[in-house]
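Enquirer: The structure file work17.pdb (PDB, C-alpha atoms) is provided below.
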ATOM      1  CA  MET O1043     105.267 111.783 117.793
ATOM      2  CA  ALA O1044     104.931 114.762 115.461
ATOM      3  CA  LEU O1045     107.965 115.713 113.377
ATOM      4  CA  LYS O1046     107.915 119.191 114.927
ATOM      5  CA  ASN O1047     108.315 117.739 118.432
ATOM      6  CA  LYS O1048     111.014 115.356 117.242
ATOM      7  CA  ILE O1049     113.046 118.264 115.876
ATOM      8  CA  GLU O1050     112.548 120.187 119.134
ATOM      9  CA  ILE O1051     113.722 117.216 121.238
ATOM     10  CA  MET O1052     116.679 116.669 118.897
ATOM     11  CA  ILE O1053     117.770 120.325 119.241
ATOM     12  CA  LEU O1054     117.403 120.138 123.026
ATOM     13  CA  GLY O1055     119.398 116.892 123.132
ATOM     14  CA  ILE O1056     122.250 118.349 121.065
ATOM     15  CA  ALA O1057     122.222 121.526 123.188
ATOM     16  CA  ALA O1058     122.383 119.547 126.447
ATOM     17  CA  LEU O1059     125.131 117.221 125.172
ATOM     18  CA  LEU O1060     127.286 120.059 123.826
ATOM     19  CA  THR O1061     126.746 122.049 127.029
ATOM     20  CA  PHE O1062     127.992 119.166 129.205
ATOM     21  CA  ILE O1063     130.987 118.665 126.928
ATOM     22  CA  GLY O1064     131.596 122.428 126.976
ATOM     23  CA  ILE O1065     131.580 122.575 130.786
ATOM     24  CA  TYR O1066     133.911 119.573 130.965
ATOM     25  CA  LEU O1067     136.303 121.184 128.472
ATOM     26  CA  ALA O1068     136.153 124.609 130.164
ATOM     27  CA  PHE O1069     136.945 123.273 133.642
ATOM     28  CA  LEU O1070     139.027 120.151 133.074
ATOM     29  CA  TYR O1071     140.508 120.189 129.575
ATOM     30  CA  ALA O1072     141.438 123.786 128.779
ATOM     31  CA  PRO O1073     144.686 124.828 130.450
ATOM     32  CA  THR O1074     144.845 127.540 133.090
ATOM     33  CA  HIS O1075     145.704 130.881 131.526
ATOM     34  CA  VAL O1076     149.249 131.929 132.423
ATOM     35  CA  ALA O1077     148.474 135.607 133.061
ATOM     36  CA  MET O1078     144.835 135.558 134.220
ATOM     37  CA  GLY O1079     144.617 132.250 136.077
ATOM     38  CA  ASP O1080     141.396 130.265 136.503
ATOM     39  CA  VAL O1081     139.098 133.272 136.130
ATOM     40  CA  GLN O1082     139.839 133.188 132.397
ATOM     41  CA  ARG O1083     137.568 130.084 132.232
ATOM     42  CA  ILE O1084     134.618 132.495 132.416
ATOM     43  CA  PHE O1085     135.591 133.564 128.914
ATOM     44  CA  TYR O1086     134.316 130.406 127.107
ATOM     45  CA  PHE O1087     130.644 130.825 127.974
ATOM     46  CA  HIS O1088     130.906 134.630 128.212
ATOM     47  CA  VAL O1089     131.958 134.758 124.544
ATOM     48  CA  ALA O1090     129.313 132.145 123.651
ATOM     49  CA  SER O1091     126.627 134.307 125.339
ATOM     50  CA  ALA O1092     127.802 137.411 123.493
ATOM     51  CA  TRP O1093     127.834 135.479 120.183
ATOM     52  CA  VAL O1094     124.271 134.230 120.733
ATOM     53  CA  SER O1095     123.081 137.757 121.530
ATOM     54  CA  TYR O1096     124.605 139.025 118.251
ATOM     55  CA  LEU O1097     123.030 136.101 116.377
ATOM     56  CA  ALA O1098     119.656 136.726 118.024
ATOM     57  CA  PHE O1099     119.701 140.439 117.177
ATOM     58  CA  GLY O1100     120.743 139.472 113.620
ATOM     59  CA  ILE O1101     117.656 137.243 113.365
ATOM     60  CA  THR O1102     115.603 140.173 114.701
ATOM     61  CA  LEU O1103     117.014 142.281 111.863
ATOM     62  CA  ILE O1104     116.098 139.620 109.268
ATOM     63  CA  GLY O1105     112.620 139.169 110.770
ATOM     64  CA  SER O1106     112.070 142.947 110.801
ATOM     65  CA  LEU O1107     113.193 143.370 107.181
ATOM     66  CA  LEU O1108     111.013 140.476 106.020
ATOM     67  CA  TYR O1109     108.055 141.873 107.955
ATOM     68  CA  LEU O1110     108.422 145.299 106.325
ATOM     69  CA  LYS O1111     108.677 143.629 102.909
ATOM     70  CA  THR O1112     105.820 141.138 103.237
ATOM     71  CA  LYS O1113     103.705 142.586 106.099
ATOM     72  CA  THR O1114     103.274 139.016 107.358
ATOM     73  CA  MET O1115     102.906 138.832 111.138
ATOM     74  CA  LYS O1116     104.955 135.639 111.485
ATOM     75  CA  TRP O1117     108.119 137.651 110.714
ATOM     76  CA  ASP O1118     107.238 140.178 113.392
ATOM     77  CA  MET O1119     106.768 137.238 115.773
ATOM     78  CA  LEU O1120     110.198 135.851 114.843
ATOM     79  CA  ALA O1121     111.858 139.251 115.333
ATOM     80  CA  HIS O1122     110.264 139.687 118.765
ATOM     81  CA  ALA O1123     111.041 136.143 119.951
ATOM     82  CA  SER O1124     114.668 136.472 118.903
ATOM     83  CA  ALA O1125     115.066 139.932 120.480
ATOM     84  CA  GLU O1126     113.864 138.646 123.855
ATOM     85  CA  ILE O1127     116.332 135.737 123.823
ATOM     86  CA  GLY O1128     119.062 138.132 122.649
ATOM     87  CA  VAL O1129     118.455 140.372 125.666
ATOM     88  CA  VAL O1130     118.721 137.385 128.039
ATOM     89  CA  PHE O1131     122.060 136.301 126.577
ATOM     90  CA  CYS O1132     123.350 139.877 126.352
ATOM     91  CA  THR O1133     122.556 140.297 130.071
ATOM     92  CA  VAL O1134     124.480 137.113 130.864
ATOM     93  CA  ALA O1135     127.432 138.304 128.739
ATOM     94  CA  ILE O1136     127.525 141.709 130.476
ATOM     95  CA  ILE O1137     127.335 140.264 134.014
ATOM     96  CA  THR O1138     129.916 137.510 133.419
ATOM     97  CA  GLY O1139     132.197 140.037 131.710
ATOM     98  CA  ALA O1140     131.933 142.342 134.729
ATOM     99  CA  LEU O1141     132.864 139.465 137.075
ATOM    100  CA  TRP O1142     135.887 138.645 134.949
ATOM    101  CA  ALA O1143     136.847 142.340 134.887
ATOM    102  CA  LYS O1144     136.636 142.635 138.664
ATOM    103  CA  ASP O1145     139.313 140.005 139.056
ATOM    104  CA  VAL O1146     141.546 141.027 136.146
ATOM    105  CA  TRP O1147     141.109 144.837 136.102
ATOM    106  CA  GLY O1148     140.135 145.291 139.749
ATOM    107  CA  THR O1149     136.846 146.956 138.777
ATOM    108  CA  PHE O1150     133.514 145.673 137.466
ATOM    109  CA  TRP O1151     133.184 148.301 134.762
ATOM    110  CA  ARG O1152     135.292 150.721 132.714
ATOM    111  CA  TRP O1153     133.265 153.462 131.082
ATOM    112  CA  GLU O1154     136.173 154.433 128.846
ATOM    113  CA  ASP O1155     136.194 150.980 127.207
ATOM    114  CA  MET O1156     134.142 151.260 124.020
ATOM    115  CA  LYS O1157     133.426 147.512 123.802
ATOM    116  CA  LEU O1158     131.681 147.595 127.172
ATOM    117  CA  PHE O1159     129.944 150.863 126.377
ATOM    118  CA  MET O1160     128.637 149.749 122.975
ATOM    119  CA  THR O1161     127.429 146.424 124.396
ATOM    120  CA  LEU O1162     125.546 148.297 127.117
ATOM    121  CA  VAL O1163     124.001 150.582 124.476
ATOM    122  CA  LEU O1164     123.014 147.507 122.440
ATOM    123  CA  TRP O1165     121.412 145.939 125.519
ATOM    124  CA  LEU O1166     119.536 149.154 126.352
ATOM    125  CA  ILE O1167     118.202 149.483 122.786
ATOM    126  CA  PHE O1168     116.736 145.982 122.818
ATOM    127  CA  VAL O1169     115.365 146.369 126.356
ATOM    128  CA  ALA O1170     113.605 149.502 125.019
ATOM    129  CA  TYR O1171     112.395 147.420 122.023
ATOM    130  CA  LEU O1172     110.815 144.878 124.392
ATOM    131  CA  ALA O1173     109.353 147.639 126.608
ATOM    132  CA  LEU O1174     107.850 149.317 123.537
ATOM    133  CA  ARG O1175     106.163 146.076 122.489
ATOM    134  CA  ALA O1176     104.967 145.288 125.996
ATOM    135  CA  ASN O1177     103.305 148.692 126.309
ATOM    136  CA  SER O1178     101.526 148.940 122.967
ATOM    137  CA  LEU O1179      98.542 147.112 121.521
ATOM    138  CA  PRO O1180      99.195 144.162 119.193
ATOM    139  CA  GLY O1181      98.692 144.850 115.516
ATOM    140  CA  LYS O1182     100.266 146.232 112.370
ATOM    141  CA  LYS O1183     101.176 149.584 113.942
ATOM    142  CA  ARG O1184     103.210 147.945 116.722
ATOM    143  CA  ALA O1185     104.807 145.571 114.228
ATOM    144  CA  ASN O1186     105.843 148.466 111.932
ATOM    145  CA  ILE O1187     107.409 150.504 114.745
ATOM    146  CA  SER O1188     109.112 147.416 116.207
ATOM    147  CA  ALA O1189     110.557 146.485 112.820
ATOM    148  CA  VAL O1190     112.129 149.920 112.358
ATOM    149  CA  PHE O1191     113.420 149.816 115.960
ATOM    150  CA  GLY O1192     114.850 146.319 115.425
ATOM    151  CA  ILE O1193     116.682 147.365 112.254
ATOM    152  CA  ILE O1194     118.175 150.501 113.825
ATOM    153  CA  GLY O1195     119.067 148.559 116.987
ATOM    154  CA  PHE O1196     121.035 146.003 115.011
ATOM    155  CA  LEU O1197     123.399 148.758 113.834
ATOM    156  CA  CYS O1198     124.972 148.556 117.291
ATOM    157  CA  VAL O1199     125.957 144.890 116.807
ATOM    158  CA  PRO O1200     128.883 145.477 114.410
ATOM    159  CA  LEU O1201     129.960 148.444 116.548
ATOM    160  CA  SER O1202     129.902 146.307 119.709
ATOM    161  CA  PHE O1203     131.723 143.446 117.962
ATOM    162  CA  ALA O1204     134.443 145.605 116.423
ATOM    163  CA  ALA O1205     134.816 148.217 119.195
ATOM    164  CA  ASN O1206     137.960 146.657 120.699
ATOM    165  CA  ARG O1207     139.513 146.406 117.238
ATOM    166  CA  ILE O1208     138.696 149.983 116.267
ATOM    167  CA  TRP O1209     139.496 151.763 119.534
ATOM    168  CA  SER O1210     141.798 149.112 121.129
ATOM    169  CA  HIS O1211     141.070 149.812 124.775
ATOM    170  CA  PHE O1212     141.121 147.270 127.615
ATOM    171  CA  HIS O1213     138.795 144.516 126.422
ATOM    172  CA  PRO O1214     140.782 141.558 125.010
ATOM    173  CA  THR O1215     140.304 140.566 121.362
ATOM    174  CA  VAL O1216     139.165 136.940 121.053
ATOM    175  CA  ILE O1217     139.642 136.270 117.375
ATOM    176  CA  ALA O1218     143.173 137.591 117.078
ATOM    177  CA  THR O1219     146.010 136.783 114.763
ATOM    178  CA  SER O1220     149.638 135.938 115.654
ATOM    179  CA  GLU O1221     150.694 136.849 119.217
ATOM    180  CA  GLY O1222     147.220 137.314 120.687
ATOM    181  CA  SER O1223     145.877 133.973 119.480
ATOM    182  CA  LEU O1224     144.597 131.227 121.779
ATOM    183  CA  GLN O1225     146.030 127.749 122.326
ATOM    184  CA  ASP O1226     144.367 124.971 120.293
ATOM    185  CA  SER O1227     142.694 123.427 123.351
ATOM    186  CA  MET O1228     141.231 126.832 124.275
ATOM    187  CA  VAL O1229     139.946 127.337 120.733
ATOM    188  CA  LEU O1230     138.305 123.881 120.799
ATOM    189  CA  THR O1231     136.617 124.656 124.145
ATOM    190  CA  LEU O1232     135.394 127.996 122.833
ATOM    191  CA  VAL O1233     134.013 126.435 119.640
ATOM    192  CA  VAL O1234     132.114 123.762 121.623
ATOM    193  CA  ALA O1235     130.697 126.424 123.991
ATOM    194  CA  VAL O1236     129.607 128.572 121.030
ATOM    195  CA  PHE O1237     127.886 125.621 119.322
ATOM    196  CA  ALA O1238     126.268 124.590 122.625
ATOM    197  CA  PHE O1239     124.738 128.019 123.175
ATOM    198  CA  THR O1240     123.722 128.284 119.509
ATOM    199  CA  PHE O1241     121.636 125.113 119.953
ATOM    200  CA  VAL O1242     120.260 126.432 123.260
ATOM    201  CA  TYR O1243     119.236 129.563 121.323
ATOM    202  CA  LEU O1244     117.532 127.501 118.592
ATOM    203  CA  PHE O1245     115.609 125.533 121.214
ATOM    204  CA  LEU O1246     114.519 128.699 123.036
ATOM    205  CA  LEU O1247     113.508 130.359 119.767
ATOM    206  CA  LYS O1248     111.321 127.378 118.867
ATOM    207  CA  LEU O1249     109.750 127.429 122.332
ATOM    208  CA  LYS O1250     109.123 131.174 122.221
ATOM    209  CA  ILE O1251     107.577 131.025 118.731
ATOM    210  CA  ASN O1252     105.244 128.216 119.892
ATOM    211  CA  LEU O1253     104.180 130.463 122.769
ATOM    212  CA  GLU O1254     103.505 133.401 120.463
ATOM    213  CA  ASN O1255     101.442 131.137 118.175
ATOM    214  CA  MET O1256      99.379 130.044 121.165
ATOM    215  CA  ARG O1257      98.832 133.693 122.141
ATOM    216  CA  GLU O1258      97.629 134.408 118.615
ATOM    217  CA  ASN O1259      95.220 131.436 118.762
ATOM    218  CA  ILE O1260      93.837 132.729 122.056
ATOM    219  CA  GLU O1261      93.248 136.176 120.547
ATOM    220  CA  GLU O1262      91.449 134.590 117.568
ATOM    221  CA  ILE O1263      89.187 132.507 119.826
ATOM    222  CA  LYS O1264      88.441 135.555 121.984
ATOM    223  CA  GLN O1265      87.487 137.401 118.798
ATOM    224  CA  GLN O1266      85.178 134.524 117.801
ATOM    225  CA  ILE O1267      83.516 134.558 121.221
ATOM    226  CA  GLY O1268      83.145 138.331 120.938
ATOM    227  CA  ASP O1269      81.512 137.923 117.514
ATOM    228  CA  MET O1270      79.115 135.291 118.927
ATOM    229  CA  ASN O1271      78.127 137.647 121.725
ATOM    230  CA  GLY O1272      77.722 140.518 119.320
TER     231      GLY O1272
ATOM    232  CA  MET I 347     140.783 132.254 145.927
ATOM    233  CA  ALA I 348     138.975 135.430 144.829
ATOM    234  CA  GLU I 349     139.307 134.454 141.182
ATOM    235  CA  LEU I 350     137.599 131.100 141.880
ATOM    236  CA  THR I 351     134.741 132.918 143.598
ATOM    237  CA  TYR I 352     134.211 135.105 140.520
ATOM    238  CA  LEU I 353     134.460 132.030 138.284
ATOM    239  CA  TYR I 354     131.811 130.122 140.248
ATOM    240  CA  VAL I 355     129.532 133.157 140.534
ATOM    241  CA  ALA I 356     129.811 133.708 136.756
ATOM    242  CA  TYR I 357     128.920 130.091 135.925
ATOM    243  CA  THR I 358     126.077 130.133 138.469
ATOM    244  CA  ILE I 359     124.678 133.236 136.743
ATOM    245  CA  ILE I 360     125.042 131.642 133.297
ATOM    246  CA  TRP I 361     123.155 128.477 134.279
ATOM    247  CA  ALA I 362     120.698 130.070 136.680
ATOM    248  CA  GLY I 363     119.875 132.705 134.034
ATOM    249  CA  SER I 364     119.338 130.110 131.300
ATOM    250  CA  PHE I 365     117.364 127.796 133.594
ATOM    251  CA  LEU I 366     115.113 130.579 134.918
ATOM    252  CA  TYR I 367     114.377 131.782 131.398
ATOM    253  CA  ILE I 368     113.453 128.247 130.264
ATOM    254  CA  LEU I 369     111.310 127.883 133.394
ATOM    255  CA  LYS I 370     109.557 131.200 132.641
ATOM    256  CA  LEU I 371     108.782 130.059 129.085
ATOM    257  CA  HIS I 372     107.560 126.707 130.401
ATOM    258  CA  MET I 373     105.250 128.382 132.951
ATOM    259  CA  ASP I 374     103.926 130.757 130.274
ATOM    260  CA  GLN I 375     103.252 127.767 128.032
ATOM    261  CA  LYS I 376     101.345 125.959 130.792
ATOM    262  CA  LYS I 377      99.258 129.057 131.513
ATOM    263  CA  LEU I 378      98.444 129.628 127.837
ATOM    264  CA  LYS I 379      97.557 125.952 127.317
ATOM    265  CA  ARG I 380      95.089 126.178 130.210
ATOM    266  CA  GLU I 381      93.598 129.396 128.832
ATOM    267  CA  LEU I 382      93.335 127.903 125.337
ATOM    268  CA  LYS I 383      91.592 124.797 126.714
ATOM    269  CA  VAL I 384      89.039 126.878 128.633
ATOM    270  CA  LEU I 385      88.352 129.116 125.621
ATOM    271  CA  ARG I 386      87.913 126.091 123.330
ATOM    272  CA  GLU I 387      85.448 124.595 125.793
ATOM    273  CA  VAL I 388      83.535 127.878 125.922
ATOM    274  CA  ILE I 389      83.317 128.152 122.145
ATOM    275  CA  HIS I 390      82.370 124.467 121.826
ATOM    276  CA  GLY I 391      79.624 124.873 124.449
ATOM    277  CA  ARG I 392      78.226 127.937 122.716
ATOM    278  CA  LYS I 393      78.192 126.205 119.330
ATOM    279  CA  GLN I 394      76.316 123.240 120.822
ATOM    280  CA  ARG I 395      73.788 125.553 122.495
ATOM    281  CA  LYS I 396      73.261 127.391 119.215
ATOM    282  CA  GLU I 397      72.677 124.103 117.368
ATOM    283  CA  LYS I 398      70.158 123.031 120.022
ATOM    284  CA  ASP I 399      68.310 126.332 119.708
ATOM    285  CA  ILE I 400      68.075 125.884 115.947
TER     286      ILE I 400
END
Can I see the file as C-alpha cells?

Expert:
Amino acid sequence: MALKNKIEIMILGIAALLTFIGIYLAFLYAPTHVAMGDVQRIFYFHVASAWVSYLAFGITLIGSLLYLKTKTMKWDMLAHASAEIGVVFCTVAIITGALWAKDVWGTFWRWEDMKLFMTLVLWLIFVAYLALRANSLPGKKRANISAVFGIIGFLCVPLSFAANRIWSHFHPTVIATSEGSLQDSMVLTLVVAVFAFTFVYLFLLKLKINLENMRENIEEIKQQIGDMNG
Amino acid sequence: MAELTYLYVAYTIIWAGSFLYILKLHMDQKKLKRELKVLREVIHGRKQRKEKDI
C-alpha cells in the first residue's frame, strides 16, 4: 500500500475513533448543564464545527497568499478545497447554533447578536467565493480573483470569533475566564470533539485535493487529445 | 422534551451533513476515475493507431 494511502487511512481512523469517543463523552460523560439542560450538549460539536470552519478559512488564506506569491496552481487548489469544507462546517455550526438558540432563547435567530451576524456574513462571503469559482473558467485569472476574495473573506474570521467579546450580546463565550468557565469534564469533551473534527477536516481536505488533482489530469488529457486532433 | 428534540435534530444534522458531504466527494471521485480511465484508453488507442500508420 502506498504511503499516501496509509496516511489517509490513519487520519480517517483517528477521526473515527475520536468522533466515537467525543459522542460518548458528549452524551454520557459530560454532566447536564444546570441552567440549559440537555440541549447544551449540542455545544460540543457546534463549537468543533465552528472551529473547523475558522481553521479551513485560515488555510484558504494561507493558500491564497502562497498562490499570489508563487503563482503555483497547487496553492489555489488548496485554498479552494479548504474553502468548500469550511462552508460545509460553517453551515453545520449555524444550523446547530440556531437549534440551540430556539430552546434557550425561544427563537432560532437574533439579528442584533453580532456573533450570529458576523458568522452569517462569513458564510455568505465564502458561498460567494465558491459561486465565483463555479461560474468562471479555470486558469490564472480565476485563481487571482479567488485569492484576493479568499484573503478579504478571512478578515471576517477574527470578527466572528471575537464578536461576543467585543459587543457582549447574547451568544455565550466558550473560552472564558473565572465565573464563565466550564467544568473540567465539559472542557475534556469539547477538546476531544475539536480534535475529532480537526481530523475529519484533514481527511476531507486530502480527499478534496485528490479530486482536484484528478480533474487537472483529465483537463491535461483532454488537451492532449485536442492536440492530436488538431 | 423539546430540548431533547432539538438536541437529536442538531446531532442528526451534524452527522447527516458530514456523511452526505463525504458521500458527494466519494461519488465525484468515482465519476472522475471513470472519466480518467476512458480518456486514457482513448489516448492509448490513438497512439497505437498512429504507430501502426507510421

Enquirer: Quick one: of I:Leu353, I:Lys377, I:Lys370, I:Phe365, who's nearest to chain O, counting only C-alpha atoms?

Expert: I:Leu353

Enquirer: So what does the PyMOL selection byres ((chain I) within 7 of (chain O)) actually pick up in this one, as a CSV table (one decimal) with C-alpha atoms, in the coordinates of the input?

Expert:
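out-v9.csv, freshly written:
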chain,number,residue,atom,x,y,z
I,349,GLU,CA,139.3,134.5,141.2
I,350,LEU,CA,137.6,131.1,141.9
I,352,TYR,CA,134.2,135.1,140.5
I,353,LEU,CA,134.5,132.0,138.3
I,356,ALA,CA,129.8,133.7,136.8
I,360,ILE,CA,125.0,131.6,133.3
I,371,LEU,CA,108.8,130.1,129.1
I,375,GLN,CA,103.3,127.8,128.0
I,378,LEU,CA,98.4,129.6,127.8
I,382,LEU,CA,93.3,127.9,125.3
I,385,LEU,CA,88.4,129.1,125.6
I,389,ILE,CA,83.3,128.2,122.1

Enquirer: Give me the residues within 10 Å of O:Ile1208 as a PyMOL selection string, counting all atoms listed in the file and dropping any in the same chain fewer than 6 places off.

Expert: chain O and resi 1156-1157+1201

Enquirer: For the residues selected in the previous step, produce a file with C-alpha atoms as a PDB file, in the coordinates of the input.

Expert:
ATOM      1  CA  MET O1156     134.142 151.260 124.020  1.00  0.00           C
ATOM      2  CA  LYS O1157     133.426 147.512 123.802  1.00  0.00           C
ATOM      3  CA  LEU O1201     129.960 148.444 116.548  1.00  0.00           C
TER       4      LEU O1201
END

Enquirer: Residues at most 6 Å from O:Ser1106, counting all atoms listed in the file, excluding those fewer than 4 positions away in the same chain, as a PyMOL selection string?

Expert: chain O and resi 1102+1121+1189

Enquirer: If you apply the PyMOL selection byres ((chain O and resi 1159) around 12) to this file, what residues do you get, as a PyMOL selection string?

Expert: chain O and resi 1136+1151-1158+1160-1166+1198-1199+1201-1203+1205-1206+1209+1211-1213

Enquirer: Please write the residues picked by the PyMOL selection byres ((chain O and resi 1244) around 12) on this file as an mmCIF file with C-alpha atoms, in the frame of the given file.

Expert:
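Done, and the output landed in out22.cif:
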data_model
loop_
_atom_site.group_PDB
_atom_site.id
_atom_site.type_symbol
_atom_site.label_atom_id
_atom_site.label_comp_id
_atom_site.auth_asym_id
_atom_site.auth_seq_id
_atom_site.Cartn_x
_atom_site.Cartn_y
_atom_site.Cartn_z
ATOM 1 C CA ILE O 1049 113.046 118.264 115.876
ATOM 2 C CA GLU O 1050 112.548 120.187 119.134
ATOM 3 C CA ILE O 1051 113.722 117.216 121.238
ATOM 4 C CA MET O 1052 116.679 116.669 118.897
ATOM 5 C CA ILE O 1053 117.770 120.325 119.241
ATOM 6 C CA LEU O 1054 117.403 120.138 123.026
ATOM 7 C CA GLY O 1055 119.398 116.892 123.132
ATOM 8 C CA ILE O 1056 122.250 118.349 121.065
ATOM 9 C CA ALA O 1057 122.222 121.526 123.188
ATOM 10 C CA VAL O 1094 124.271 134.230 120.733
ATOM 11 C CA LEU O 1097 123.030 136.101 116.377
ATOM 12 C CA ALA O 1098 119.656 136.726 118.024
ATOM 13 C CA ILE O 1101 117.656 137.243 113.365
ATOM 14 C CA LEU O 1120 110.198 135.851 114.843
ATOM 15 C CA ALA O 1123 111.041 136.143 119.951
ATOM 16 C CA SER O 1124 114.668 136.472 118.903
ATOM 17 C CA ILE O 1127 116.332 135.737 123.823
ATOM 18 C CA GLY O 1128 119.062 138.132 122.649
ATOM 19 C CA PHE O 1237 127.886 125.621 119.322
ATOM 20 C CA ALA O 1238 126.268 124.590 122.625
ATOM 21 C CA PHE O 1239 124.738 128.019 123.175
ATOM 22 C CA THR O 1240 123.722 128.284 119.509
ATOM 23 C CA PHE O 1241 121.636 125.113 119.953
ATOM 24 C CA VAL O 1242 120.260 126.432 123.260
ATOM 25 C CA TYR O 1243 119.236 129.563 121.323
ATOM 26 C CA PHE O 1245 115.609 125.533 121.214
ATOM 27 C CA LEU O 1246 114.519 128.699 123.036
ATOM 28 C CA LEU O 1247 113.508 130.359 119.767
ATOM 29 C CA LYS O 1248 111.321 127.378 118.867
ATOM 30 C CA LEU O 1249 109.750 127.429 122.332
ATOM 31 C CA LYS O 1250 109.123 131.174 122.221
ATOM 32 C CA ILE O 1251 107.577 131.025 118.731
#

Enquirer: Restricting the calculation to all atoms listed in the file: of O:Lys1182, O:Leu1103, O:Val1233, O:Lys1111, which residue gets closest to O:Ala1068?

Expert: O:Val1233

Enquirer: Put a box with edges along x, y and z around all the listed atoms of stretch 390-397 of chain I, pad it by 8 Å on each side, then give me its centre and sizes in Å, one decimal, as AutoDock Vina command-line options.

Expert:
--center_x 77.5 --center_y 125.6 --center_z 120.9 --size_x 25.7 --size_y 20.7 --size_z 23.1

Enquirer: Which of these residues is nearest to O:Gly1195, using all atoms listed in the file: O:Ser1227, O:Thr1114, O:Glu1258, O:Gly1100?

Expert: O:Gly1100

Enquirer: O:Ala1170, O:Leu1108, O:Ala1185, O:Val1089: which is nearest O:Glu1126, counting all atoms listed in the file?

Expert: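 That would be O:Ala1170, the residue with the smallest distance to O:Glu1126.
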
Enquirer: What does the distance between atom CA of O:Leu1179 and atom CA of O:Ile1194 come to in Å, to one decimal place?

Expert: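 Separation of atom CA of O:Leu1179 and atom CA of O:Ile1194: 21.4 Å.
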
Enquirer: Give as a ChimeraX atom specification every residue, naming chains and numbers as the document does, that has an atom within 7 Å of (133.0, 123.3, 123.7), counting only C-alpha atoms.

Expert: /O:1060,1063-1064,1067,1230-1236,1238

Enquirer: If I take atom CA of I:Asp399 and atom CA of I:Arg386, how far is one from the other in Å, to one decimal?

Expert: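 Distance between the two atoms: 19.9 Å.
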